[in-house]
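Undergrad: Dropping in run.json, with JSON, C-alpha atoms.
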[["chain", "number", "residue", "atom", "x", "y", "z"],
["A", 1, "GLU", "CA", 152.06, 2.67, 103.93],
["A", 2, "ALA", "CA", 154.82, 4.00, 101.67],
["A", 3, "GLN", "CA", 157.19, 5.99, 103.80],
["A", 4, "VAL", "CA", 160.69, 7.08, 104.71],
["A", 5, "THR", "CA", 161.48, 6.48, 108.37],
["A", 6, "GLN", "CA", 164.20, 8.37, 110.19],
["A", 7, "ASN", "CA", 165.39, 7.78, 113.71],
["A", 8, "PRO", "CA", 165.74, 9.38, 116.11],
["A", 9, "ARG", "CA", 163.44, 12.42, 115.75],
["A", 10, "TYR", "CA", 165.40, 14.39, 118.31],
["A", 11, "LEU", "CA", 168.97, 13.97, 119.49],
["A", 12, "ILE", "CA", 171.18, 15.98, 121.80],
["A", 13, "THR", "CA", 174.81, 14.91, 121.93],
["A", 14, "VAL", "CA", 178.23, 16.19, 122.91],
["A", 15, "THR", "CA", 181.06, 17.27, 120.68],
["A", 16, "GLY", "CA", 183.13, 14.37, 119.41],
["A", 17, "LYS", "CA", 180.76, 11.53, 120.29],
["A", 18, "LYS", "CA", 180.10, 9.45, 117.19],
["A", 19, "LEU", "CA", 176.46, 9.08, 116.18],
["A", 20, "THR", "CA", 174.36, 7.51, 113.46],
["A", 21, "VAL", "CA", 171.01, 8.68, 112.15],
["A", 22, "THR", "CA", 169.14, 5.87, 110.47],
["A", 23, "CYS", "CA", 166.98, 6.14, 107.36],
["A", 24, "SER", "CA", 164.87, 3.40, 105.86],
["A", 25, "GLN", "CA", 162.40, 3.37, 102.95],
["A", 26, "ASN", "CA", 159.87, 0.70, 102.01],
["A", 27, "MET", "CA", 159.25, 1.71, 98.38],
["A", 28, "ASN", "CA", 162.18, -0.09, 96.71],
["A", 29, "HIS", "CA", 163.53, 3.30, 95.62],
["A", 30, "GLU", "CA", 166.91, 3.56, 93.91],
["A", 31, "TYR", "CA", 167.72, 7.13, 94.87],
["A", 32, "MET", "CA", 168.26, 8.33, 98.43],
["A", 33, "SER", "CA", 169.62, 11.58, 99.81],
["A", 34, "TRP", "CA", 170.45, 13.35, 103.03],
["A", 35, "TYR", "CA", 169.79, 17.06, 103.48],
["A", 36, "ARG", "CA", 170.30, 19.53, 106.26],
["A", 37, "GLN", "CA", 168.00, 22.48, 106.75],
["A", 38, "ASP", "CA", 169.24, 25.65, 108.40],
["A", 39, "PRO", "CA", 167.46, 29.01, 108.79],
["A", 40, "GLY", "CA", 168.14, 31.28, 105.83],
["A", 41, "LEU", "CA", 170.04, 28.58, 103.94],
["A", 42, "GLY", "CA", 167.20, 26.34, 102.84],
["A", 43, "LEU", "CA", 167.89, 22.69, 102.09],
["A", 44, "ARG", "CA", 171.45, 21.66, 101.36],
["A", 45, "GLN", "CA", 172.36, 18.21, 100.14],
["A", 46, "ILE", "CA", 174.94, 16.30, 102.16],
["A", 47, "TYR", "CA", 175.25, 12.99, 100.30],
["A", 48, "TYR", "CA", 173.20, 11.05, 97.83],
["A", 49, "SER", "CA", 173.05, 7.51, 96.54],
["A", 50, "MET", "CA", 171.85, 6.29, 93.17],
["A", 51, "ASN", "CA", 171.78, 2.63, 94.15],
["A", 52, "VAL", "CA", 173.36, 0.04, 96.43],
["A", 53, "GLU", "CA", 177.07, 0.70, 96.97],
["A", 54, "VAL", "CA", 176.85, 3.91, 94.86],
["A", 55, "THR", "CA", 177.17, 7.11, 96.88],
["A", 56, "ASP", "CA", 178.43, 10.60, 96.09],
["A", 57, "LYS", "CA", 179.01, 13.90, 97.79],
["A", 58, "GLY", "CA", 176.44, 16.64, 97.71],
["A", 59, "ASP", "CA", 177.02, 20.28, 98.46],
["A", 60, "VAL", "CA", 178.07, 20.05, 102.13],
["A", 61, "PRO", "CA", 179.65, 16.60, 102.78],
["A", 62, "GLU", "CA", 182.40, 17.63, 105.21],
["A", 63, "GLY", "CA", 182.08, 15.91, 108.58],
["A", 64, "TYR", "CA", 179.60, 13.28, 107.37],
["A", 65, "LYS", "CA", 179.74, 9.71, 106.09],
["A", 66, "VAL", "CA", 177.12, 7.49, 104.53],
["A", 67, "SER", "CA", 176.79, 3.92, 103.38],
["A", 68, "ARG", "CA", 174.34, 2.05, 101.16],
["A", 69, "LYS", "CA", 174.80, -1.65, 101.80],
["A", 70, "GLU", "CA", 171.12, -2.43, 101.28],
["A", 71, "LYS", "CA", 168.64, -0.73, 99.01],
["A", 72, "ARG", "CA", 166.25, 0.25, 101.78],
["A", 73, "ASN", "CA", 168.75, 1.76, 104.26],
["A", 74, "PHE", "CA", 170.91, 4.87, 104.02],
["A", 75, "PRO", "CA", 172.40, 5.81, 107.41],
["A", 76, "LEU", "CA", 174.11, 9.14, 108.06],
["A", 77, "ILE", "CA", 177.20, 8.91, 110.25],
["A", 78, "LEU", "CA", 178.83, 11.77, 112.14],
["A", 79, "GLU", "CA", 182.20, 10.43, 113.28],
["A", 80, "SER", "CA", 183.07, 13.44, 115.43],
["A", 81, "PRO", "CA", 180.13, 15.83, 115.67],
["A", 82, "SER", "CA", 180.76, 19.53, 116.17],
["A", 83, "PRO", "CA", 178.37, 22.35, 117.18],
["A", 84, "ASN", "CA", 178.18, 23.62, 113.57],
["A", 85, "GLN", "CA", 176.43, 20.36, 112.70],
["A", 86, "THR", "CA", 173.49, 21.35, 114.86],
["A", 87, "SER", "CA", 170.68, 21.31, 112.34],
["A", 88, "LEU", "CA", 167.48, 19.68, 111.10],
["A", 89, "TYR", "CA", 168.27, 16.66, 108.93],
["A", 90, "PHE", "CA", 166.05, 15.04, 106.32],
["A", 91, "CYS", "CA", 166.38, 11.79, 104.47],
["A", 92, "ALA", "CA", 164.53, 11.39, 101.17],
["A", 93, "SER", "CA", 164.09, 8.75, 98.49],
["A", 94, "SER", "CA", 162.87, 8.53, 94.91],
["A", 95, "GLY", "CA", 162.33, 5.91, 92.28],
["A", 96, "GLN", "CA", 163.11, 6.10, 88.58],
["A", 97, "GLY", "CA", 161.38, 8.80, 86.60],
["A", 98, "ALA", "CA", 160.41, 12.30, 87.69],
["A", 99, "SER", "CA", 158.14, 11.20, 90.51],
["A", 100, "GLY", "CA", 159.67, 13.52, 93.07],
["A", 101, "TYR", "CA", 161.16, 12.76, 96.44],
["A", 102, "THR", "CA", 159.45, 11.29, 99.49],
["A", 103, "PHE", "CA", 160.85, 12.83, 102.66],
["A", 104, "GLY", "CA", 161.20, 11.53, 106.18],
["A", 105, "SER", "CA", 159.88, 13.51, 109.13],
["A", 106, "GLY", "CA", 163.28, 14.89, 110.06],
["A", 107, "THR", "CA", 165.85, 14.55, 112.83],
["A", 108, "ARG", "CA", 166.63, 17.57, 114.93],
["A", 109, "LEU", "CA", 170.23, 17.26, 116.09],
["A", 110, "THR", "CA", 171.83, 19.47, 118.71],
["A", 111, "VAL", "CA", 175.58, 19.18, 119.35],
["A", 112, "VAL", "CA", 176.77, 20.85, 122.54],
["B", 1, "GLY", "CA", 176.00, 24.92, 87.73],
["B", 2, "ASP", "CA", 172.36, 24.06, 88.15],
["B", 3, "SER", "CA", 170.53, 26.30, 90.59],
["B", 4, "VAL", "CA", 167.10, 27.43, 91.68],
["B", 5, "THR", "CA", 166.23, 30.95, 92.84],
["B", 6, "GLN", "CA", 162.98, 31.77, 94.54],
["B", 7, "MET", "CA", 161.62, 34.94, 96.04],
["B", 8, "GLU", "CA", 162.50, 35.68, 99.62],
["B", 9, "GLY", "CA", 159.82, 35.66, 102.23],
["B", 10, "PRO", "CA", 157.95, 35.84, 104.28],
["B", 11, "VAL", "CA", 154.97, 36.41, 102.07],
["B", 12, "THR", "CA", 152.07, 37.62, 104.21],
["B", 13, "LEU", "CA", 148.53, 37.53, 102.83],
["B", 14, "SER", "CA", 144.98, 37.74, 104.02],
["B", 15, "GLU", "CA", 142.71, 34.76, 103.55],
["B", 16, "GLU", "CA", 141.24, 34.51, 100.01],
["B", 17, "ALA", "CA", 144.02, 36.64, 98.51],
["B", 18, "PHE", "CA", 145.83, 35.64, 95.31],
["B", 19, "LEU", "CA", 149.24, 34.03, 95.75],
["B", 20, "THR", "CA", 152.30, 34.09, 93.52],
["B", 21, "ILE", "CA", 155.69, 32.77, 94.57],
["B", 22, "ASN", "CA", 158.35, 33.29, 91.91],
["B", 23, "CYS", "CA", 160.88, 30.63, 90.97],
["B", 24, "THR", "CA", 163.54, 30.66, 88.26],
["B", 25, "TYR", "CA", 166.12, 28.05, 87.42],
["B", 26, "THR", "CA", 169.39, 27.66, 85.60],
["B", 27, "ALA", "CA", 170.21, 24.29, 84.13],
["B", 28, "THR", "CA", 171.88, 22.51, 81.29],
["B", 29, "GLY", "CA", 169.30, 20.59, 79.34],
["B", 30, "TYR", "CA", 165.68, 20.33, 80.36],
["B", 31, "PRO", "CA", 165.14, 19.48, 83.99],
["B", 32, "SER", "CA", 161.93, 18.39, 85.64],
["B", 33, "LEU", "CA", 160.56, 21.04, 87.99],
["B", 34, "PHE", "CA", 158.85, 20.62, 91.34],
["B", 35, "TRP", "CA", 157.18, 22.50, 94.15],
["B", 36, "TYR", "CA", 157.36, 21.05, 97.65],
["B", 37, "VAL", "CA", 155.55, 22.26, 100.77],
["B", 38, "GLN", "CA", 156.71, 21.99, 104.37],
["B", 39, "TYR", "CA", 154.12, 22.46, 107.09],
["B", 40, "PRO", "CA", 155.36, 23.42, 110.56],
["B", 41, "GLY", "CA", 157.19, 20.57, 112.28],
["B", 42, "GLU", "CA", 156.97, 18.25, 109.28],
["B", 43, "GLY", "CA", 159.08, 17.04, 106.39],
["B", 44, "LEU", "CA", 158.68, 18.22, 102.83],
["B", 45, "GLN", "CA", 155.82, 16.92, 100.69],
["B", 46, "LEU", "CA", 155.63, 17.01, 96.93],
["B", 47, "LEU", "CA", 152.97, 19.54, 95.94],
["B", 48, "LEU", "CA", 153.15, 19.47, 92.15],
["B", 49, "LYS", "CA", 155.53, 18.85, 89.27],
["B", 50, "ALA", "CA", 156.07, 19.43, 85.55],
["B", 51, "THR", "CA", 158.41, 17.43, 83.38],
["B", 52, "LYS", "CA", 158.57, 19.38, 80.12],
["B", 53, "ALA", "CA", 158.09, 22.85, 78.68],
["B", 54, "ASP", "CA", 154.55, 24.26, 78.81],
["B", 55, "ASP", "CA", 153.39, 21.52, 81.19],
["B", 56, "LYS", "CA", 151.17, 22.76, 84.01],
["B", 57, "GLY", "CA", 151.35, 21.03, 87.35],
["B", 58, "SER", "CA", 148.41, 21.40, 89.71],
["B", 59, "ASN", "CA", 147.30, 20.13, 93.11],
["B", 60, "LYS", "CA", 145.11, 21.41, 95.99],
["B", 61, "GLY", "CA", 144.28, 24.59, 94.05],
["B", 62, "PHE", "CA", 147.95, 25.41, 93.41],
["B", 63, "GLU", "CA", 149.30, 25.66, 89.86],
["B", 64, "ALA", "CA", 152.65, 26.22, 88.17],
["B", 65, "THR", "CA", 153.57, 26.27, 84.47],
["B", 66, "TYR", "CA", 156.97, 25.23, 83.11],
["B", 67, "ARG", "CA", 158.16, 28.22, 81.07],
["B", 68, "LYS", "CA", 161.30, 27.35, 79.12],
["B", 69, "GLU", "CA", 161.60, 30.77, 77.48],
["B", 70, "THR", "CA", 161.78, 32.54, 80.85],
["B", 71, "THR", "CA", 163.25, 29.56, 82.78],
["B", 72, "SER", "CA", 160.53, 29.99, 85.37],
["B", 73, "PHE", "CA", 158.08, 27.87, 87.36],
["B", 74, "HIS", "CA", 156.03, 30.32, 89.43],
["B", 75, "LEU", "CA", 153.59, 28.94, 91.98],
["B", 76, "GLU", "CA", 150.07, 30.44, 92.04],
["B", 77, "LYS", "CA", 146.84, 29.97, 93.93],
["B", 78, "GLY", "CA", 143.69, 31.94, 93.38],
["B", 79, "SER", "CA", 142.44, 32.06, 96.96],
["B", 80, "VAL", "CA", 144.69, 31.12, 99.86],
["B", 81, "GLN", "CA", 143.52, 29.72, 103.18],
["B", 82, "VAL", "CA", 145.03, 29.91, 106.65],
["B", 83, "SER", "CA", 145.87, 26.22, 106.31],
["B", 84, "ASP", "CA", 148.19, 27.05, 103.38],
["B", 85, "SER", "CA", 150.61, 28.72, 105.79],
["B", 86, "ALA", "CA", 153.85, 26.81, 105.25],
["B", 87, "VAL", "CA", 157.26, 27.01, 103.61],
["B", 88, "TYR", "CA", 157.29, 26.37, 99.85],
["B", 89, "PHE", "CA", 160.35, 25.05, 98.04],
["B", 90, "CYS", "CA", 160.98, 25.12, 94.31],
["B", 91, "ALA", "CA", 163.25, 22.37, 92.97],
["B", 92, "GLN", "CA", 164.65, 20.99, 89.76],
["B", 93, "SER", "CA", 166.06, 17.61, 88.91],
["B", 94, "ARG", "CA", 169.81, 17.54, 88.69],
["B", 95, "GLY", "CA", 171.27, 16.67, 85.34],
["B", 96, "GLY", "CA", 170.30, 13.26, 84.05],
["B", 97, "SER", "CA", 169.45, 11.91, 87.48],
["B", 98, "TYR", "CA", 166.44, 12.50, 89.65],
["B", 99, "ILE", "CA", 168.39, 14.13, 92.46],
["B", 100, "PRO", "CA", 166.73, 17.52, 93.07],
["B", 101, "THR", "CA", 168.34, 20.90, 93.67],
["B", 102, "PHE", "CA", 166.25, 23.06, 95.97],
["B", 103, "GLY", "CA", 165.69, 26.78, 96.27],
["B", 104, "ARG", "CA", 165.98, 28.37, 99.72],
["B", 105, "GLY", "CA", 162.27, 28.23, 100.43],
["B", 106, "THR", "CA", 159.61, 30.92, 100.78],
["B", 107, "SER", "CA", 157.58, 31.21, 103.94],
["B", 108, "LEU", "CA", 153.88, 31.94, 103.42],
["B", 109, "ILE", "CA", 151.79, 33.33, 106.27],
["B", 110, "VAL", "CA", 148.05, 33.62, 105.74],
["B", 111, "HIS", "CA", 146.01, 35.67, 108.22],
["B", 112, "PRO", "CA", 142.27, 35.14, 108.79]]
Render the structure in this file as structure tokens.
TA:
Amino acid sequence: EAQVTQNPRYLITVTGKKLTVTCSQNMNHEYMSWYRQDPGLGLRQIYYSMNVEVTDKGDVPEGYKVSRKEKRNFPLILESPSPNQTSLYFCASSGQGASGYTFGSGTRLTVV
Amino acid sequence: GDSVTQMEGPVTLSEEAFLTINCTYTATGYPSLFWYVQYPGEGLQLLLKATKADDKGSNKGFEATYRKETTSFHLEKGSVQVSDSAVYFCAQSRGGSYIPTFGRGTSLIVHP
């Protein structure tokens, strides 16, 4: 089944403790993105990647890192999480052409 | 810069009512346009798309027409059901890539 898999689905952590949210797609897609969803703010892009080793900042990149060493994986790294990074995070991927994005099921992160 | 504006919600309707959710965009060039739907507790799913002016996207009884002259892509459905209750996001492709820019989302609540 074609899908984007994020892990974990839920995560509670403490301020300053480094964490990684994994994202993997099995569709051989070139494009991958991370978004955060907050009430009243909709979906805001954190980082995106147009292919292996090609990443760029989105609208709200501060406090986040990404890497794209393999085509299928696009992990999101929070080196020193803070409470304002408490949010619902989505990974998404797309191939060439205007086929639209396939989204993962989301990761709900709480930083205390 | 490129942006998408959609009507604020929530939109509250009775079952079998007519639905319109407005969406307008600003962009350089001619983006592809999308509607995504997010059911409670899930990730976003592509609902429909249109890639050029005057194209009509349709799926599950929903329709939207790409109007270049008014830079709009309004979502319509003739008769909504309770199961259509969700958050709807309008999006456009970003520049020459396929990285979408999303609107803030419109919550739809359908009562029996």
Undergrad: Please identify every residue of chain B that has at least one atom no farther than 12 Å from an atom of chain A, counting all atoms listed in the file, and for each give the shortest atom pair and the distance in Å to one decimal, arranged by chain then increasing number, as JSON lines.
TA:
{"residue": "B:Gly1", "atom": "CA", "partner": "A:Asp59", "partner_atom": "CA", "distance": 11.7}
{"residue": "B:Asp2", "atom": "CA", "partner": "A:Asp59", "partner_atom": "CA", "distance": 11.9}
{"residue": "B:Ser3", "atom": "CA", "partner": "A:Arg44", "partner_atom": "CA", "distance": 11.8}
{"residue": "B:Val4", "atom": "CA", "partner": "A:Gly42", "partner_atom": "CA", "distance": 11.2}
{"residue": "B:Thr5", "atom": "CA", "partner": "A:Gly42", "partner_atom": "CA", "distance": 11.1}
{"residue": "B:Gln6", "atom": "CA", "partner": "A:Gly42", "partner_atom": "CA", "distance": 10.8}
{"residue": "B:Glu8", "atom": "CA", "partner": "A:Gly40", "partner_atom": "CA", "distance": 9.5}
{"residue": "B:Gly9", "atom": "CA", "partner": "A:Gly40", "partner_atom": "CA", "distance": 10.1}
{"residue": "B:Pro10", "atom": "CA", "partner": "A:Gly40", "partner_atom": "CA", "distance": 11.3}
{"residue": "B:Pro31", "atom": "CA", "partner": "A:Ala98", "partner_atom": "CA", "distance": 9.4}
{"residue": "B:Ser32", "atom": "CA", "partner": "A:Ala98", "partner_atom": "CA", "distance": 6.6}
{"residue": "B:Leu33", "atom": "CA", "partner": "A:Ala98", "partner_atom": "CA", "distance": 8.7}
{"residue": "B:Phe34", "atom": "CA", "partner": "A:Gly100", "partner_atom": "CA", "distance": 7.4}
{"residue": "B:Trp35", "atom": "CA", "partner": "A:Gly100", "partner_atom": "CA", "distance": 9.4}
{"residue": "B:Tyr36", "atom": "CA", "partner": "A:Gly100", "partner_atom": "CA", "distance": 9.1}
{"residue": "B:Val37", "atom": "CA", "partner": "A:Phe103", "partner_atom": "CA", "distance": 11.0}
{"residue": "B:Gln38", "atom": "CA", "partner": "A:Phe103", "partner_atom": "CA", "distance": 10.2}
{"residue": "B:Tyr39", "atom": "CA", "partner": "A:Ser105", "partner_atom": "CA", "distance": 10.8}
{"residue": "B:Pro40", "atom": "CA", "partner": "A:Ser105", "partner_atom": "CA", "distance": 11.0}
{"residue": "B:Gly41", "atom": "CA", "partner": "A:Ser105", "partner_atom": "CA", "distance": 8.2}
{"residue": "B:Glu42", "atom": "CA", "partner": "A:Ser105", "partner_atom": "CA", "distance": 5.6}
{"residue": "B:Gly43", "atom": "CA", "partner": "A:Ser105", "partner_atom": "CA", "distance": 4.5}
{"residue": "B:Leu44", "atom": "CA", "partner": "A:Phe103", "partner_atom": "CA", "distance": 5.8}
{"residue": "B:Gln45", "atom": "CA", "partner": "A:Phe103", "partner_atom": "CA", "distance": 6.8}
{"residue": "B:Leu46", "atom": "CA", "partner": "A:Gly100", "partner_atom": "CA", "distance": 6.6}
{"residue": "B:Leu47", "atom": "CA", "partner": "A:Gly100", "partner_atom": "CA", "distance": 9.5}
{"residue": "B:Leu48", "atom": "CA", "partner": "A:Gly100", "partner_atom": "CA", "distance": 8.9}
{"residue": "B:Lys49", "atom": "CA", "partner": "A:Gly100", "partner_atom": "CA", "distance": 7.7}
{"residue": "B:Ala50", "atom": "CA", "partner": "A:Ala98", "partner_atom": "CA", "distance": 8.6}
{"residue": "B:Thr51", "atom": "CA", "partner": "A:Ala98", "partner_atom": "CA", "distance": 7.0}
{"residue": "B:Lys52", "atom": "CA", "partner": "A:Ala98", "partner_atom": "CA", "distance": 10.5}
{"residue": "B:Val87", "atom": "CA", "partner": "A:Gly42", "partner_atom": "CA", "distance": 10.0}
{"residue": "B:Tyr88", "atom": "CA", "partner": "A:Gly42", "partner_atom": "CA", "distance": 10.4}
{"residue": "B:Phe89", "atom": "CA", "partner": "A:Gly42", "partner_atom": "CA", "distance": 8.5}
{"residue": "B:Cys90", "atom": "CA", "partner": "A:Gly42", "partner_atom": "CA", "distance": 10.6}
{"residue": "B:Ala91", "atom": "CA", "partner": "A:Gly100", "partner_atom": "CA", "distance": 9.5}
{"residue": "B:Gln92", "atom": "CA", "partner": "A:Gly100", "partner_atom": "CA", "distance": 9.6}
{"residue": "B:Ser93", "atom": "CA", "partner": "A:Ala98", "partner_atom": "CA", "distance": 7.8}
{"residue": "B:Arg94", "atom": "CA", "partner": "A:Ala98", "partner_atom": "CA", "distance": 10.8}
{"residue": "B:Gly95", "atom": "CA", "partner": "A:Ala98", "partner_atom": "CA", "distance": 11.9}
{"residue": "B:Gly96", "atom": "CA", "partner": "A:Gly97", "partner_atom": "CA", "distance": 10.3}
{"residue": "B:Ser97", "atom": "CA", "partner": "A:Met50", "partner_atom": "CA", "distance": 8.3}
{"residue": "B:Tyr98", "atom": "CA", "partner": "A:Ala98", "partner_atom": "CA", "distance": 6.3}
{"residue": "B:Ile99", "atom": "CA", "partner": "A:Tyr31", "partner_atom": "CA", "distance": 7.4}
{"residue": "B:Pro100", "atom": "CA", "partner": "A:Tyr101", "partner_atom": "CA", "distance": 8.1}
{"residue": "B:Thr101", "atom": "CA", "partner": "A:Gln45", "partner_atom": "CA", "distance": 8.1}
{"residue": "B:Phe102", "atom": "CA", "partner": "A:Leu43", "partner_atom": "CA", "distance": 6.3}
{"residue": "B:Gly103", "atom": "CA", "partner": "A:Gly42", "partner_atom": "CA", "distance": 6.8}
{"residue": "B:Arg104", "atom": "CA", "partner": "A:Gly42", "partner_atom": "CA", "distance": 3.9}
{"residue": "B:Gly105", "atom": "CA", "partner": "A:Gly42", "partner_atom": "CA", "distance": 5.8}
{"residue": "B:Thr106", "atom": "CA", "partner": "A:Gly42", "partner_atom": "CA", "distance": 9.1}
{"residue": "B:Ser107", "atom": "CA", "partner": "A:Gly40", "partner_atom": "CA", "distance": 10.7}
Undergrad: May I have the residues from that selection written out with C-alpha atoms, as a PDB file, keeping the file's coordinate frame?
TA:
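File produced: again11.pdb:
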ATOM      1  CA  GLY B   1     176.000  24.920  87.730  1.00  0.00           C
ATOM      2  CA  ASP B   2     172.360  24.060  88.150  1.00  0.00           C
ATOM      3  CA  SER B   3     170.530  26.300  90.590  1.00  0.00           C
ATOM      4  CA  VAL B   4     167.100  27.430  91.680  1.00  0.00           C
ATOM      5  CA  THR B   5     166.230  30.950  92.840  1.00  0.00           C
ATOM      6  CA  GLN B   6     162.980  31.770  94.540  1.00  0.00           C
ATOM      7  CA  GLU B   8     162.500  35.680  99.620  1.00  0.00           C
ATOM      8  CA  GLY B   9     159.820  35.660 102.230  1.00  0.00           C
ATOM      9  CA  PRO B  10     157.950  35.840 104.280  1.00  0.00           C
ATOM     10  CA  PRO B  31     165.140  19.480  83.990  1.00  0.00           C
ATOM     11  CA  SER B  32     161.930  18.390  85.640  1.00  0.00           C
ATOM     12  CA  LEU B  33     160.560  21.040  87.990  1.00  0.00           C
ATOM     13  CA  PHE B  34     158.850  20.620  91.340  1.00  0.00           C
ATOM     14  CA  TRP B  35     157.180  22.500  94.150  1.00  0.00           C
ATOM     15  CA  TYR B  36     157.360  21.050  97.650  1.00  0.00           C
ATOM     16  CA  VAL B  37     155.550  22.260 100.770  1.00  0.00           C
ATOM     17  CA  GLN B  38     156.710  21.990 104.370  1.00  0.00           C
ATOM     18  CA  TYR B  39     154.120  22.460 107.090  1.00  0.00           C
ATOM     19  CA  PRO B  40     155.360  23.420 110.560  1.00  0.00           C
ATOM     20  CA  GLY B  41     157.190  20.570 112.280  1.00  0.00           C
ATOM     21  CA  GLU B  42     156.970  18.250 109.280  1.00  0.00           C
ATOM     22  CA  GLY B  43     159.080  17.040 106.390  1.00  0.00           C
ATOM     23  CA  LEU B  44     158.680  18.220 102.830  1.00  0.00           C
ATOM     24  CA  GLN B  45     155.820  16.920 100.690  1.00  0.00           C
ATOM     25  CA  LEU B  46     155.630  17.010  96.930  1.00  0.00           C
ATOM     26  CA  LEU B  47     152.970  19.540  95.940  1.00  0.00           C
ATOM     27  CA  LEU B  48     153.150  19.470  92.150  1.00  0.00           C
ATOM     28  CA  LYS B  49     155.530  18.850  89.270  1.00  0.00           C
ATOM     29  CA  ALA B  50     156.070  19.430  85.550  1.00  0.00           C
ATOM     30  CA  THR B  51     158.410  17.430  83.380  1.00  0.00           C
ATOM     31  CA  LYS B  52     158.570  19.380  80.120  1.00  0.00           C
ATOM     32  CA  VAL B  87     157.260  27.010 103.610  1.00  0.00           C
ATOM     33  CA  TYR B  88     157.290  26.370  99.850  1.00  0.00           C
ATOM     34  CA  PHE B  89     160.350  25.050  98.040  1.00  0.00           C
ATOM     35  CA  CYS B  90     160.980  25.120  94.310  1.00  0.00           C
ATOM     36  CA  ALA B  91     163.250  22.370  92.970  1.00  0.00           C
ATOM     37  CA  GLN B  92     164.650  20.990  89.760  1.00  0.00           C
ATOM     38  CA  SER B  93     166.060  17.610  88.910  1.00  0.00           C
ATOM     39  CA  ARG B  94     169.810  17.540  88.690  1.00  0.00           C
ATOM     40  CA  GLY B  95     171.270  16.670  85.340  1.00  0.00           C
ATOM     41  CA  GLY B  96     170.300  13.260  84.050  1.00  0.00           C
ATOM     42  CA  SER B  97     169.450  11.910  87.480  1.00  0.00           C
ATOM     43  CA  TYR B  98     166.440  12.500  89.650  1.00  0.00           C
ATOM     44  CA  ILE B  99     168.390  14.130  92.460  1.00  0.00           C
ATOM     45  CA  PRO B 100     166.730  17.520  93.070  1.00  0.00           C
ATOM     46  CA  THR B 101     168.340  20.900  93.670  1.00  0.00           C
ATOM     47  CA  PHE B 102     166.250  23.060  95.970  1.00  0.00           C
ATOM     48  CA  GLY B 103     165.690  26.780  96.270  1.00  0.00           C
ATOM     49  CA  ARG B 104     165.980  28.370  99.720  1.00  0.00           C
ATOM     50  CA  GLY B 105     162.270  28.230 100.430  1.00  0.00           C
ATOM     51  CA  THR B 106     159.610  30.920 100.780  1.00  0.00           C
ATOM     52  CA  SER B 107     157.580  31.210 103.940  1.00  0.00           C
TER      53      SER B 107
END
Undergrad: Measuring between all atoms listed in the file, which one of A:Glu79, A:Gly63, A:Thr5, A:Ile46 shows the shortest distance to Met27 of chain A?
TA: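 Checking each candidate against Met27 of chain A, we get A:Thr5 as the closest.
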Undergrad: Work out how far apart atom CA of Arg108 of chain A and atom CA of Pro61 of chain A are and give it in Å to one decimal.
TA: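 Pair atom CA of Arg108 of chain A / atom CA of Pro61 of chain A returns 17.8 Å.
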Undergrad: Could you check which of A:Thr22, A:Gln85, A:Thr55, A:Asn28 is closest to Arg9 of chain A, using all atoms listed in the file?
TA: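 Smallest distance to Arg9 of chain A is found for A:Thr22.
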Undergrad: Can you measure atom CA of Phe18 of chain B to atom CA of Gly78 of chain B for me? One decimal in Å is fine.
TA: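 Result for atom CA of Phe18 of chain B versus atom CA of Gly78 of chain B: 4.7 Å, one decimal.
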Undergrad: Some atoms are absent from segment 25-32 of chain B, so rebuild N, CA, C and O atoms and return them as an mmCIF file, in the coordinates of the input.
TA:
data_model
loop_
_atom_site.group_PDB
_atom_site.id
_atom_site.type_symbol
_atom_site.label_atom_id
_atom_site.label_comp_id
_atom_site.auth_asym_id
_atom_site.auth_seq_id
_atom_site.Cartn_x
_atom_site.Cartn_y
_atom_site.Cartn_z
ATOM 1 N N TYR B 25 165.098 29.083 87.341
ATOM 2 C CA TYR B 25 166.120 28.050 87.420
ATOM 3 C C TYR B 25 167.184 28.283 86.345
ATOM 4 O O TYR B 25 166.944 28.951 85.348
ATOM 5 N N THR B 26 168.353 27.747 86.621
ATOM 6 C CA THR B 26 169.390 27.660 85.600
ATOM 7 C C THR B 26 169.783 26.192 85.506
ATOM 8 O O THR B 26 169.947 25.510 86.525
ATOM 9 N N ALA B 27 169.896 25.699 84.304
ATOM 10 C CA ALA B 27 170.210 24.290 84.130
ATOM 11 C C ALA B 27 170.731 24.045 82.729
ATOM 12 O O ALA B 27 170.396 24.770 81.799
ATOM 13 N N THR B 28 171.525 23.009 82.617
ATOM 14 C CA THR B 28 171.880 22.510 81.290
ATOM 15 C C THR B 28 170.834 21.471 80.925
ATOM 16 O O THR B 28 170.439 20.644 81.750
ATOM 17 N N GLY B 29 170.339 21.527 79.744
ATOM 18 C CA GLY B 29 169.300 20.590 79.340
ATOM 19 C C GLY B 29 167.940 21.014 79.851
ATOM 20 O O GLY B 29 167.693 22.182 80.142
ATOM 21 N N TYR B 30 167.074 20.050 80.009
ATOM 22 C CA TYR B 30 165.680 20.330 80.360
ATOM 23 C C TYR B 30 165.299 19.548 81.605
ATOM 24 O O TYR B 30 164.903 18.384 81.522
ATOM 25 N N PRO B 31 165.434 20.198 82.755
ATOM 26 C CA PRO B 31 165.140 19.480 83.990
ATOM 27 C C PRO B 31 163.642 19.305 84.204
ATOM 28 O O PRO B 31 162.829 19.980 83.561
ATOM 29 N N SER B 32 163.284 18.418 85.091
ATOM 30 C CA SER B 32 161.930 18.390 85.640
ATOM 31 C C SER B 32 161.882 19.402 86.786
ATOM 32 O O SER B 32 162.884 19.645 87.452
#
